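Engineer: Next comes the structure file query-v3.txt, holding compact mmCIF, C-alpha atoms.
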# COMPACT_ATOMS: atom_id res chain seq x y z
CA MET B 1 -7.92 1.97 10.84
CA ARG B 2 -6.93 4.75 8.46
CA THR B 3 -4.71 3.91 5.48
CA VAL B 4 -2.26 6.28 3.76
CA LEU B 5 -0.66 5.13 0.51
CA VAL B 6 2.50 7.06 -0.38
CA THR B 7 3.61 7.19 -4.01
CA GLY B 8 5.18 9.46 -6.60
CA PRO B 9 7.55 9.43 -9.57
CA GLY B 10 10.62 7.24 -9.33
CA GLY B 11 13.44 8.84 -7.35
CA ALA B 12 11.20 11.41 -5.65
CA GLY B 13 11.83 9.99 -2.16
CA ARG B 14 8.67 7.97 -1.58
CA THR B 15 10.21 5.74 1.08
CA THR B 16 11.56 8.69 3.08
CA ALA B 17 8.22 10.53 2.89
CA ALA B 18 6.32 7.40 3.94
CA ALA B 19 8.63 6.80 6.90
CA ALA B 20 8.44 10.45 7.98
CA THR B 21 4.63 10.36 7.69
CA ALA B 22 4.47 7.24 9.85
CA LEU B 23 6.85 8.67 12.45
CA ALA B 24 4.92 11.95 12.64
CA ALA B 25 1.72 10.02 13.39
CA ALA B 26 3.47 7.86 15.99
CA ARG B 27 4.90 10.92 17.75
CA ALA B 28 1.34 12.34 17.82
CA GLY B 29 0.25 9.31 19.86
CA HIS B 30 -1.05 6.99 17.15
CA ARG B 31 -0.16 3.31 16.78
CA VAL B 32 1.27 2.98 13.30
CA LEU B 33 2.27 0.12 11.02
CA LEU B 34 4.58 1.01 8.11
CA LEU B 35 4.80 -1.48 5.24
CA THR B 36 7.26 -1.23 2.37
CA GLY B 37 7.73 -3.37 -0.71
CA GLU B 38 11.15 -1.86 -1.43
CA ARG B 39 13.65 -4.71 -1.73
CA GLY B 40 16.85 -2.69 -1.50
CA PRO B 41 18.61 -1.25 1.56
CA VAL B 42 16.83 2.13 1.50
CA PRO B 43 14.07 1.35 4.08
CA ASP B 44 16.62 -0.06 6.55
CA ALA B 45 18.86 2.99 6.16
CA VAL B 46 16.01 5.50 6.40
CA LEU B 47 14.50 3.92 9.50
CA GLY B 48 17.84 3.07 11.08
CA VAL B 49 16.76 -0.53 11.82
CA PRO B 50 17.02 -3.68 9.69
CA LEU B 51 13.71 -5.02 8.42
CA PRO B 52 13.44 -8.83 8.37
CA ARG B 53 13.19 -10.46 4.95
CA ASP B 54 11.47 -13.63 6.13
CA GLY B 55 8.41 -14.67 8.09
CA ALA B 56 5.75 -14.15 5.40
CA ASP B 57 3.02 -16.72 4.83
CA ALA B 58 0.00 -17.17 2.58
CA ARG B 59 -2.19 -14.92 4.74
CA ARG B 60 0.31 -12.24 5.84
CA PRO B 61 2.87 -11.30 3.16
CA TRP B 62 5.31 -9.40 5.36
CA GLY B 63 8.01 -10.35 7.81
CA THR B 64 7.95 -9.86 11.55
CA PRO B 65 7.36 -6.15 12.31
CA VAL B 66 10.11 -4.37 14.23
CA GLU B 67 9.60 -1.36 16.50
CA ALA B 68 11.43 1.49 14.78
CA ALA B 69 10.26 4.09 17.32
CA PRO B 70 7.73 4.28 20.14
CA GLY B 71 4.34 3.57 18.55
CA LEU B 72 5.84 2.81 15.12
CA TRP B 73 6.26 -0.73 13.78
CA ALA B 74 7.72 -1.40 10.34
CA ALA B 75 7.86 -4.48 8.13
CA ARG B 76 8.96 -5.44 4.64
CA ILE B 77 6.57 -7.07 2.16
CA THR B 78 8.38 -10.16 0.83
CA ALA B 79 6.77 -11.09 -2.48
CA ASP B 80 8.95 -14.17 -3.03
CA GLU B 81 8.11 -15.80 0.29
CA HIS B 82 4.45 -14.90 -0.05
CA PHE B 83 4.30 -16.41 -3.54
CA THR B 84 5.95 -19.64 -2.37
CA ALA B 85 3.58 -19.95 0.59
CA LEU B 86 0.53 -19.13 -1.53
CA ALA B 87 1.49 -21.60 -4.29
CA GLY B 88 2.05 -24.32 -1.71
CA ASP B 89 -1.34 -23.60 -0.15
CA LEU B 90 -3.07 -23.78 -3.54
CA GLN B 91 -1.39 -27.10 -4.28
CA GLU B 92 -2.62 -28.54 -1.00
CA ARG B 93 -6.16 -27.35 -1.69
CA GLY B 94 -6.07 -28.85 -5.18
CA ALA B 95 -4.42 -32.16 -4.27
CA ALA B 96 -7.53 -34.17 -5.18
CA LEU B 97 -7.80 -32.41 -8.53
CA PHE B 98 -4.11 -33.06 -9.30
CA ASP B 99 -4.65 -36.76 -8.53
CA LEU B 100 -7.68 -36.86 -10.83
CA LEU B 101 -5.71 -35.30 -13.68
CA GLY B 102 -2.65 -37.44 -13.05
CA ALA B 103 -0.48 -34.35 -12.48
CA ALA B 104 2.46 -34.27 -10.09
CA PRO B 105 2.54 -31.20 -7.82
CA LEU B 106 5.65 -29.04 -7.72
CA ASP B 107 8.19 -29.44 -4.93
CA PRO B 108 8.81 -26.40 -2.68
CA GLU B 109 12.29 -26.04 -4.19
CA GLU B 110 10.73 -25.66 -7.67
CA LEU B 111 8.46 -22.77 -6.69
CA THR B 112 10.05 -19.51 -7.77
CA GLU B 113 8.51 -16.07 -7.86
CA LEU B 114 6.71 -15.26 -11.13
CA PRO B 115 6.22 -11.83 -12.75
CA GLY B 116 3.26 -10.11 -11.14
CA ALA B 117 3.85 -11.63 -7.71
CA GLU B 118 4.96 -8.32 -6.22
CA PRO B 119 1.75 -6.32 -6.88
CA LEU B 120 -0.36 -9.28 -5.74
CA ALA B 121 1.65 -9.46 -2.52
CA LEU B 122 1.10 -5.74 -1.93
CA LEU B 123 -2.66 -6.10 -2.43
CA ALA B 124 -2.65 -9.08 -0.09
CA ALA B 125 -0.80 -6.94 2.46
CA LEU B 126 -3.54 -4.30 2.34
CA ARG B 127 -6.13 -6.98 2.96
CA ALA B 128 -4.16 -8.71 5.70
CA ALA B 129 -3.42 -5.50 7.61
CA HIS B 130 -7.15 -4.78 7.83
CA ARG B 131 -8.07 -8.38 8.52
CA GLU B 132 -5.97 -8.43 11.66
CA ASP B 133 -7.18 -6.86 14.88
CA ASP B 134 -7.85 -3.22 13.97
CA ALA B 135 -7.67 -2.29 17.64
CA ALA B 136 -3.91 -2.94 17.54
CA ARG B 137 -3.26 -0.12 15.00
CA ASP B 138 -4.64 3.35 14.30
CA LEU B 139 -2.85 3.99 11.01
CA LEU B 140 -1.41 1.95 8.17
CA VAL B 141 1.19 3.69 5.99
CA VAL B 142 2.28 1.86 2.83
CA ASP B 143 5.35 2.73 0.80
CA MET B 144 3.90 2.10 -2.67
CA PRO B 145 5.57 1.52 -6.08
CA PRO B 146 6.11 4.45 -8.49
CA ALA B 147 3.02 6.50 -9.27
CA HIS B 148 1.90 4.99 -12.60
CA GLU B 149 2.35 1.46 -11.22
CA THR B 150 0.35 2.42 -8.12
CA VAL B 151 -2.63 3.61 -10.17
CA ARG B 152 -2.69 0.35 -12.12
CA LEU B 153 -2.26 -1.62 -8.92
CA LEU B 154 -5.23 0.05 -7.25
CA ALA B 155 -7.34 -0.68 -10.36
CA LEU B 156 -6.35 -4.35 -10.41
CA PRO B 157 -8.91 -5.85 -7.94
CA GLU B 158 -11.87 -4.38 -9.84
CA GLN B 159 -10.42 -5.48 -13.19
CA LEU B 160 -9.72 -9.03 -12.03
CA ARG B 161 -13.22 -9.37 -10.55
CA ARG B 162 -14.69 -8.22 -13.85
CA TYR B 163 -12.61 -10.79 -15.75
CA LEU B 164 -13.75 -13.55 -13.38
CA ARG B 165 -17.41 -12.62 -13.86
CA ARG B 166 -17.02 -12.62 -17.64
CA LEU B 167 -15.02 -15.86 -17.89
CA LEU B 168 -16.71 -17.81 -15.09
CA PRO B 169 -20.18 -16.33 -14.56
CA PRO B 170 -21.72 -18.04 -11.50
CA GLU B 171 -25.17 -18.17 -13.13
CA ARG B 172 -23.82 -20.30 -16.00
CA GLN B 173 -22.21 -23.14 -14.14
CA ALA B 174 -22.67 -26.03 -16.56
CA ALA B 175 -24.38 -29.24 -15.46
CA ARG B 176 -24.90 -27.98 -11.94
CA ALA B 177 -27.39 -30.75 -11.14
CA LEU B 178 -25.09 -33.48 -12.52
CA ARG B 179 -21.99 -32.49 -10.60
CA PRO B 180 -22.85 -34.25 -7.31
CA VAL B 181 -23.59 -37.48 -9.23
CA LEU B 182 -20.38 -37.24 -11.25
CA ALA B 183 -18.40 -36.44 -8.12
CA GLN B 184 -19.73 -39.59 -6.43
CA LEU B 185 -18.84 -41.73 -9.43
CA ALA B 186 -15.32 -40.31 -9.67
CA GLY B 187 -14.73 -40.18 -5.94
CA VAL B 188 -13.49 -36.57 -6.03
CA PRO B 189 -15.13 -33.20 -6.83
CA MET B 190 -15.34 -32.45 -10.54
CA PRO B 191 -12.81 -30.00 -12.02
CA ALA B 192 -15.56 -27.54 -13.01
CA GLN B 193 -16.82 -27.47 -9.45
CA ARG B 194 -13.32 -26.86 -8.12
CA LEU B 195 -12.79 -24.14 -10.69
CA TYR B 196 -15.92 -22.25 -9.70
CA GLU B 197 -15.16 -22.68 -6.00
CA LEU B 198 -11.68 -21.25 -6.59
CA ALA B 199 -13.13 -18.34 -8.60
CA ALA B 200 -15.61 -17.60 -5.81
CA ARG B 201 -12.81 -17.58 -3.23
CA TRP B 202 -10.68 -15.28 -5.37
CA ASP B 203 -13.63 -12.96 -5.92
CA ALA B 204 -14.22 -12.73 -2.18
CA GLU B 205 -10.56 -11.90 -1.51
CA LEU B 206 -10.46 -9.31 -4.29
CA ALA B 207 -13.68 -7.76 -3.01
CA ALA B 208 -12.13 -7.40 0.44
CA VAL B 209 -9.08 -5.64 -1.04
CA GLN B 210 -11.32 -3.40 -3.13
CA ASP B 211 -13.26 -2.45 0.01
CA VAL B 212 -10.01 -1.23 1.59
CA ILE B 213 -9.11 0.81 -1.51
CA ASP B 214 -12.61 2.30 -1.82
CA ALA B 215 -12.96 3.13 1.88
CA ASP B 216 -13.27 6.79 2.87
CA SER B 217 -10.48 6.17 5.38
CA THR B 218 -7.98 5.37 2.58
CA THR B 219 -6.06 8.23 0.98
CA VAL B 220 -3.06 8.65 -1.30
CA ARG B 221 -0.16 10.99 -0.59
CA LEU B 222 1.81 12.12 -3.66
CA VAL B 223 5.55 12.84 -3.39
CA THR B 224 7.52 14.80 -5.98
CA GLU B 225 10.77 16.69 -6.29
CA PRO B 226 9.67 20.17 -7.43
CA GLY B 227 10.95 21.14 -10.83
CA PRO B 228 9.73 22.54 -14.14
CA TRP B 229 8.01 19.27 -15.13
CA ALA B 230 6.67 18.15 -11.74
CA GLY B 231 3.11 19.37 -12.41
CA ASP B 232 3.00 17.80 -15.89
CA ALA B 233 4.22 14.45 -14.55
CA LEU B 234 1.67 14.34 -11.73
CA ARG B 235 -1.47 15.40 -13.61
CA PRO B 236 -2.16 12.08 -15.36
CA VAL B 237 -1.48 10.27 -12.08
CA ARG B 238 -3.90 12.50 -10.21
CA ALA B 239 -6.54 12.03 -12.91
CA GLY B 240 -5.97 8.25 -12.89
CA LEU B 241 -6.45 8.11 -9.12
CA ALA B 242 -9.65 10.15 -9.41
CA LEU B 243 -10.89 7.79 -12.14
CA GLN B 244 -10.50 4.94 -9.64
CA GLY B 245 -12.30 6.97 -6.96
CA VAL B 246 -9.22 7.31 -4.72
CA ARG B 247 -8.69 10.47 -2.66
CA VAL B 248 -5.45 12.45 -2.63
CA ASP B 249 -5.05 14.04 0.80
CA ALA B 250 -1.64 15.72 0.40
CA LEU B 251 1.10 16.59 -2.04
CA ILE B 252 4.65 16.62 -0.69
CA SER B 253 7.42 18.60 -2.37
CA ASN B 254 10.56 16.78 -1.33
CA ARG B 255 14.18 17.96 -0.94
CA LEU B 256 13.49 21.71 -0.98
CA LEU B 257 16.78 23.62 -0.95
CA PRO B 258 17.24 26.56 1.43
CA GLY B 259 18.11 30.03 0.25
CA SER B 260 21.79 30.72 -0.39
CA THR B 261 24.17 33.53 -1.20
CA ASP B 262 25.83 31.31 -3.77
CA PRO B 263 24.34 32.25 -7.18
CA TRP B 264 24.24 28.66 -8.43
CA LEU B 265 22.47 27.28 -5.33
CA ALA B 266 20.22 30.34 -5.16
CA GLY B 267 19.09 29.68 -8.74
CA LEU B 268 18.27 26.04 -7.96
CA ALA B 269 16.38 27.02 -4.80
CA ALA B 270 14.42 29.70 -6.66
CA GLY B 271 13.42 27.23 -9.37
CA GLN B 272 12.23 24.73 -6.77
CA GLN B 273 10.29 27.39 -4.90
CA ALA B 274 8.55 28.53 -8.08
CA ALA B 275 7.56 24.95 -8.90
CA HIS B 276 6.36 24.39 -5.33
CA GLU B 277 4.19 27.52 -5.45
CA ALA B 278 2.69 26.41 -8.79
CA LEU B 279 1.82 23.03 -7.29
CA HIS B 280 0.32 24.75 -4.26
CA GLU B 281 -1.87 26.91 -6.47
CA GLU B 282 -3.06 23.88 -8.46
CA TYR B 283 -3.74 21.48 -5.61
CA ALA B 284 -4.70 23.68 -2.66
CA ALA B 285 -7.67 25.05 -4.61
CA ASP B 286 -9.19 21.55 -4.47
CA GLY B 287 -8.58 21.09 -0.75
CA VAL B 288 -5.36 19.05 -1.07
CA ALA B 289 -2.70 19.95 1.51
CA VAL B 290 0.60 20.96 -0.11
CA LEU B 291 3.65 20.39 2.10
CA GLY B 292 7.38 20.88 1.66
CA LEU B 293 10.13 18.69 3.09
CA PRO B 294 13.52 20.41 3.36
CA HIS B 295 16.75 19.03 1.99
CA LEU B 296 18.92 18.02 4.94
CA GLY B 297 22.12 18.23 2.95
CA ARG B 298 22.48 14.44 3.21
CA ALA B 299 20.42 11.29 2.79
CA PRO B 300 18.09 10.95 5.82
CA ARG B 301 19.20 8.19 8.18
CA GLY B 302 17.40 7.16 11.33
CA THR B 303 14.45 8.49 13.26
CA ALA B 304 16.21 11.71 14.27
CA ASP B 305 16.42 12.83 10.64
CA LEU B 306 12.86 11.64 9.97
CA ALA B 307 11.61 13.60 13.00
CA ALA B 308 13.33 16.74 11.70
CA LEU B 309 11.68 16.29 8.29
CA ALA B 310 8.28 15.63 9.83
CA GLU B 311 8.46 18.68 12.10
CA ARG B 312 9.82 21.13 9.54
CA GLY B 313 7.52 19.80 6.80
CA GLY B 314 4.33 19.81 8.87
CA LEU B 315 3.54 16.17 8.16
CA GLY B 316 1.42 15.86 11.28
CA LYS B 317 -0.97 18.62 10.20
CA PRO B 318 -2.79 17.45 6.98
CA GLY B 319 -6.45 16.57 7.41
CA ASP B 320 -8.48 14.09 5.43
CA GLY B 321 -8.31 16.10 2.22
CA PRO B 322 -11.14 16.62 -0.26
CA PRO B 323 -14.06 14.17 -0.39
CA ARG B 324 -13.72 10.96 -2.36
CA PRO B 325 -14.35 11.63 -6.08
CA ALA B 326 -17.61 9.95 -7.04
CA PRO B 327 -19.75 10.19 -10.20
CA ALA B 328 -23.05 12.02 -9.88
CA VAL B 329 -26.07 12.34 -12.19
CA GLU B 330 -27.37 15.88 -12.75
CA ASP B 331 -30.97 16.27 -13.88
CA HIS B 332 -31.47 18.81 -16.68
CA LEU B 333 -34.56 17.21 -18.15
CA ALA B 334 -36.87 20.14 -17.45
CA THR B 335 -34.63 22.69 -19.19
CA ASP B 336 -32.55 20.82 -21.80
CA ASN B 337 -34.03 17.31 -21.90
CA LEU B 338 -30.65 16.03 -20.71
CA LEU B 339 -29.15 13.97 -17.93
CA VAL B 340 -25.48 14.78 -17.23
CA TRP B 341 -23.16 12.24 -15.66
CA ARG B 342 -20.42 14.19 -13.92
CA LEU B 343 -17.15 12.29 -13.37
CA PRO B 344 -14.58 14.20 -11.24
CA LEU B 345 -11.18 13.99 -12.99
CA PRO B 346 -8.88 16.70 -11.57
CA GLY B 347 -5.70 16.90 -13.58
CA ALA B 348 -7.23 15.41 -16.74
CA GLU B 349 -6.51 17.03 -20.09
CA ARG B 350 -8.73 16.96 -23.17
CA ASP B 351 -6.15 15.34 -25.43
CA GLY B 352 -5.84 12.32 -23.14
CA LEU B 353 -9.55 11.58 -22.73
CA GLY B 354 -11.39 8.69 -24.40
CA LEU B 355 -15.01 7.61 -24.10
CA VAL B 356 -16.81 4.51 -25.42
CA ARG B 357 -20.36 3.35 -24.71
CA ARG B 358 -20.65 -0.44 -24.54
CA GLY B 359 -24.12 -1.63 -23.67
CA ASP B 360 -24.80 -0.67 -20.06
CA GLU B 361 -21.19 0.35 -19.45
CA LEU B 362 -19.05 3.39 -20.16
CA ILE B 363 -15.34 2.86 -20.86
CA VAL B 364 -13.42 5.96 -19.79
CA ALA B 365 -9.76 6.48 -20.71
CA VAL B 366 -7.62 9.14 -19.02
CA GLY B 367 -4.12 9.21 -20.46
CA PRO B 368 -2.66 5.71 -19.97
CA PHE B 369 -5.40 4.64 -17.53
CA ARG B 370 -8.80 3.16 -18.27
CA ARG B 371 -11.83 2.06 -16.29
CA VAL B 372 -15.11 0.37 -17.17
CA LEU B 373 -17.97 2.06 -15.30
CA PRO B 374 -21.48 0.56 -15.08
CA LEU B 375 -24.10 3.12 -15.99
CA PRO B 376 -26.73 4.11 -13.42
CA SER B 377 -30.12 2.61 -14.20
CA ALA B 378 -31.60 5.90 -15.50
CA LEU B 379 -28.76 6.41 -17.97
CA ARG B 380 -29.09 2.91 -19.40
CA ARG B 381 -32.32 4.06 -21.04
CA CYS B 382 -30.54 7.01 -22.70
CA THR B 383 -28.23 7.62 -25.61
CA VAL B 384 -24.96 9.55 -25.36
CA ALA B 385 -25.32 13.04 -26.84
CA GLY B 386 -21.79 14.32 -26.17
CA ALA B 387 -19.21 15.01 -23.51
CA GLY B 388 -16.94 17.81 -22.34
CA LEU B 389 -14.30 18.56 -19.71
CA ARG B 390 -15.38 21.38 -17.41
CA ASP B 391 -13.92 22.50 -14.07
CA GLY B 392 -11.91 19.30 -13.58
CA ALA B 393 -14.81 16.96 -14.36
CA LEU B 394 -15.84 14.94 -17.40
CA CYS B 395 -19.48 15.76 -18.09
CA VAL B 396 -21.21 13.16 -20.28
CA ARG B 397 -24.57 14.24 -21.71
CA PHE B 398 -27.37 11.69 -22.11
CA VAL B 399 -30.68 12.08 -23.98
CA PRO B 400 -33.60 9.84 -22.96
CA ASP B 401 -34.46 7.18 -25.52
CA PRO B 402 -38.19 7.62 -26.34
CA GLN B 403 -38.61 3.88 -26.81
CA LEU B 404 -37.21 3.07 -23.36
CA TRP B 405 -38.07 6.14 -21.30
CA PRO B 406 -41.34 6.09 -19.33
CA ARG B 407 -43.98 8.26 -20.92
CA THR B 408 -45.93 10.78 -18.86
CA PRO B 409 -49.50 11.79 -19.71
Step by step, read the file and then write its structure as structure tokens.

Structural biologist:
Amino acid sequence: MRTVLVTGPGGAGRTTAAAATALAAARAGHRVLLLTGERGPVPDAVLGVPLPRDGADARRPWGTPVEAAPGLWAARITADEHFTALAGDLQERGAALFDLLGAAPLDPEELTELPGAEPLALLAALRAAHREDDAARDLLVVDMPPAHETVRLLALPEQLRRYLRRLLPPERQAARALRPVLAQLAGVPMPAQRLYELAARWDAELAAVQDVIDADSTTVRLVTEPGPWAGDALRPVRAGLALQGVRVDALISNRLLPGSTDPWLAGLAAGQQAAHEALHEEYAADGVAVLGLPHLGRAPRGTADLAALAERGGLGKPGDGPPRPAPAVEDHLATDNLLVWRLPLPGAERDGLGLVRRGDELIVAVGPFRRVLPLPSALRRCTVAGAGLRDGALCVRFVPDPQLWPRTP
């Protein structure tokens, strides 16, 4: 099942673009599931059908899908219900541990959504949609949060797994041999054992979500309203997505005004067109489809308006986009005694780059985003000699360490 994540700056029309993308695929004969985490009335108005706000559980954090059009089902991700169900499930699993500690579990009425529940519910939705029978769907379209939040959200599974490995390394489980004896004496599993079992379960769930994000079949579609600052606003987002290894398959310029004989409207339309052409020049060179959705003169409501947007904007035409950005090691040992680690970062700017070597890891910062990358084995035996941004890629130069590098006769 292919996955398309739709995001962009706040107010750019992400929900409308996601719904139009899903409808275009459904009209082309695909079976599509559209998920949205938007809590307000916008998804209901755009689709023309009410989306249920209940029915979520610990495994599937969205309500009952409704058929918005032939081949298109839509559902709302309900973070509050998912959090309540998940907390209740965790309490049931840890009942023995609560009894051992003398703690009283919380009643269902006491469980209220905590900060951070919404992004966790969205990640759980990605996992659940792929865990269900893939044969039932061809395409998953997700109406994501605003662009900067989406980048951080997509980085979260890898970050949380790294924290778990650092705080609860499996190879350092204390008193592993004594735990069965202590458990028999106490009559319940020891807290440390429960803690490591819980960490292992979380790691497995996070790994499954990360597999969905890292899959070649997952792409991001950026939505913006073209204007003088549209390119500047999207560049750090594009670079942040590339840092996480996520592909951008299309850029959508939303609410393009038609030409007009009125000087005021003509000026607005000309400014939008100029911004759209600048975005096309920047993105199309890298293989990203650049599309334009027209302004209908009103807020889109119902599948008829979405179909008009999809047809006039060419939403059914974009391909898979450029290949997934992945680091690569270039061998320049014979000529310059260097190995170059090339990290694709389209949209990155020199002033926003940061680079720190920490043991066998490289911490790369791109604007407000950061990622810890493990070094390939060959580069671990090298020292960093410098770095530069060339042709949309961060090129880090490494010099072999004579004390660690194999010697040749």

Engineer: Name the closest residue to Arg221 of chain B among the candidates B:Leu362, B:Val248, B:Leu343, B:Leu315; distances are taken between atoms, counting only C-alpha atoms.

Structural biologist: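 The shortest atom-to-atom distance to Arg221 of chain B comes from B:Val248.
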
Engineer: Report as JSON, numbers by chain all protein, DNA and RNA residues lying within 8 Å of Gly227 of chain B, evaluated on all atoms listed in the file, omitting residues in the same chain fewer than 4 positions from it.

Structural biologist: {"B": [271, 272, 275, 276]}

Engineer: Looking at B:Glu277, B:Ala310, B:Leu243, B:Pro263, which one is nearest to Arg324 of chain B, with distances taken over only C-alpha atoms?

Structural biologist: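 Distance minimum relative to Arg324 of chain B lands on B:Leu243.
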
Engineer: Could you check the closest approach to Pro157 of chain B for each of B:Arg127, B:Arg247, B:Arg357, B:Arg27 and tell me which residue wins, using all atoms listed in the file?

Structural biologist: B:Arg127

Engineer: If I take atom CA of Ala79 of chain B and atom CA of Leu34 of chain B, how far is one from the other in Å, to one decimal?

Structural biologist: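 Going from atom CA of Ala79 of chain B over to atom CA of Leu34 of chain B, I get 16.2 Å.
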
Engineer: So which one's closest to Arg390 of chain B, B:Arg53, B:Arg358, B:Arg301, B:Arg342? Using all atoms listed in the file, please.

Structural biologist: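 Among B:Arg53, B:Arg358, B:Arg301, B:Arg342, it is B:Arg342 that comes nearest to Arg390 of chain B.
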
Engineer: Could you name the residues that touch Ser217 of chain B at 12 Å or less, counting only C-alpha atoms, but leaving out those on the same chain fewer than 4 positions away, as a list in words?

Structural biologist: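 Residues near the query, excluding close chain neighbours: Met1, Arg2, Thr3, Val4, Leu5, His130, Asp138, Leu139, Leu140, Val141, Asp211, Val212, Ile213, Val246, Arg247, Val248, Asp249, Gly319, Asp320, Gly321, Pro322, Pro323 and Arg324 of chain B.
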
Engineer: To one decimal in Å, tell me the separation between atom CA of Glu330 of chain B and atom CA of Cys395 of chain B.

Structural biologist: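 Going from atom CA of Glu330 of chain B over to atom CA of Cys395 of chain B, I get 9.5 Å.
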
Engineer: Quick one, how far is atom CA of Pro344 of chain B from atom CA of Leu389 of chain B?

Structural biologist: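 Calculated distance between atom CA of Pro344 of chain B and atom CA of Leu389 of chain B is 9.5 Å.
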
Engineer: With a distance cut-off of 9 Å and all atoms listed in the file, select the neighbouring residues of Ala129 of chain B, excluding the residue or stretch itself and same-chain residues fewer than 5 positions from it, and output the selection as a short mmCIF file (atom, residue, chain, number, x, y, z; two decimals) with C-alpha atoms, in the frame of the given file.

Structural biologist:
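Result saved to selection_11.cif:
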data_model
loop_
_atom_site.label_atom_id
_atom_site.label_comp_id
_atom_site.auth_asym_id
_atom_site.auth_seq_id
_atom_site.Cartn_x
_atom_site.Cartn_y
_atom_site.Cartn_z
CA LEU B 33 2.27 0.12 11.02
CA ARG B 60 0.31 -12.24 5.84
CA ALA B 124 -2.65 -9.08 -0.09
CA ASP B 134 -7.85 -3.22 13.97
CA LEU B 140 -1.41 1.95 8.17
#

Engineer: Please write as a VMD selection string the list of polymer residues whose atoms come within 9 Å of (-11.1, 8.0, -15.6), counting all atoms listed in the file and keeping to the coordinates of the file.

Structural biologist: chain B and resid 239 to 245 343 to 345 348 353 to 354 363 to 367 369 to 372 394

Engineer: Calculated over all atoms listed in the file, which of the candidates B:Arg255, B:Arg76, B:Arg31, B:Arg14 has the smallest distance to Asp143 of chain B?

Structural biologist: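 Smallest separation from Asp143 of chain B among the options: B:Arg14.
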
Engineer: Which residues are close to Asp336 of chain B, i.e. within 12 Å by only C-alpha atoms, leaving aside same-chain residues fewer than 4 positions away? Reply as a ChimeraX atom specification.

Structural biologist: /B:330-332,340,385,397-400

Engineer: Nearest to Thr78 of chain B: which of B:Gly37, B:Pro65, B:Gly314, B:Gly352 is it, counting only C-alpha atoms?

Structural biologist: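 Smallest separation from Thr78 of chain B among the options: B:Gly37.
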
Engineer: Scan for residues within 12 Å of the point (7.4, 22.5, 8.9) in the coordinates of the file, using only C-alpha atoms, and reply as a list of chain:residue names.

Structural biologist: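 Nearby residues: B:Ala24, B:Ile252, B:Ser253, B:Leu256, B:Val290, B:Leu291, B:Gly292, B:Leu293, B:Pro294, B:Ala307, B:Ala308, B:Leu309, B:Ala310, B:Glu311, B:Arg312, B:Gly313, B:Gly314, B:Leu315, B:Gly316, B:Lys317, B:Pro318.
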
Engineer: Since the input has fewer atoms than a full residue there, write segment 10-22 of chain B out with N, CA and C atoms, as a PDB file, keeping the file's coordinate frame.

Structural biologist:
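Result went into part09.pdb, see below:
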ATOM      1  N   GLY B  10       9.415   7.909  -9.786  1.00  0.00           N
ATOM      2  CA  GLY B  10      10.620   7.240  -9.330  1.00  0.00           C
ATOM      3  C   GLY B  10      11.712   8.223  -8.945  1.00  0.00           C
ATOM      4  N   GLY B  11      12.356   7.980  -7.812  1.00  0.00           N
ATOM      5  CA  GLY B  11      13.440   8.840  -7.350  1.00  0.00           C
ATOM      6  C   GLY B  11      12.990  10.073  -6.599  1.00  0.00           C
ATOM      7  N   ALA B  12      11.684  10.214  -6.339  1.00  0.00           N
ATOM      8  CA  ALA B  12      11.200  11.410  -5.650  1.00  0.00           C
ATOM      9  C   ALA B  12      11.344  11.318  -4.136  1.00  0.00           C
ATOM     10  N   GLY B  13      11.679  10.138  -3.620  1.00  0.00           N
ATOM     11  CA  GLY B  13      11.830   9.990  -2.160  1.00  0.00           C
ATOM     12  C   GLY B  13      10.580   9.463  -1.501  1.00  0.00           C
ATOM     13  N   ARG B  14       9.904   8.522  -2.141  1.00  0.00           N
ATOM     14  CA  ARG B  14       8.670   7.970  -1.580  1.00  0.00           C
ATOM     15  C   ARG B  14       8.912   7.298  -0.232  1.00  0.00           C
ATOM     16  N   THR B  15       9.958   6.480  -0.155  1.00  0.00           N
ATOM     17  CA  THR B  15      10.210   5.740   1.080  1.00  0.00           C
ATOM     18  C   THR B  15      10.480   6.679   2.244  1.00  0.00           C
ATOM     19  N   THR B  16      11.275   7.715   2.013  1.00  0.00           N
ATOM     20  CA  THR B  16      11.560   8.690   3.080  1.00  0.00           C
ATOM     21  C   THR B  16      10.294   9.399   3.516  1.00  0.00           C
ATOM     22  N   ALA B  17       9.459   9.834   2.550  1.00  0.00           N
ATOM     23  CA  ALA B  17       8.220  10.530   2.890  1.00  0.00           C
ATOM     24  C   ALA B  17       7.266   9.613   3.640  1.00  0.00           C
ATOM     25  N   ALA B  18       7.196   8.334   3.236  1.00  0.00           N
ATOM     26  CA  ALA B  18       6.320   7.400   3.940  1.00  0.00           C
ATOM     27  C   ALA B  18       6.791   7.178   5.369  1.00  0.00           C
ATOM     28  N   ALA B  19       8.094   7.010   5.553  1.00  0.00           N
ATOM     29  CA  ALA B  19       8.630   6.800   6.900  1.00  0.00           C
ATOM     30  C   ALA B  19       8.430   8.027   7.776  1.00  0.00           C
ATOM     31  N   ALA B  20       8.640   9.222   7.207  1.00  0.00           N
ATOM     32  CA  ALA B  20       8.440  10.450   7.980  1.00  0.00           C
ATOM     33  C   ALA B  20       6.973  10.639   8.330  1.00  0.00           C
ATOM     34  N   THR B  21       6.072  10.287   7.406  1.00  0.00           N
ATOM     35  CA  THR B  21       4.630  10.360   7.690  1.00  0.00           C
ATOM     36  C   THR B  21       4.256   9.436   8.828  1.00  0.00           C
ATOM     37  N   ALA B  22       4.775   8.211   8.796  1.00  0.00           N
ATOM     38  CA  ALA B  22       4.470   7.240   9.850  1.00  0.00           C
ATOM     39  C   ALA B  22       5.032   7.692  11.193  1.00  0.00           C
TER      40      ALA B  22
END
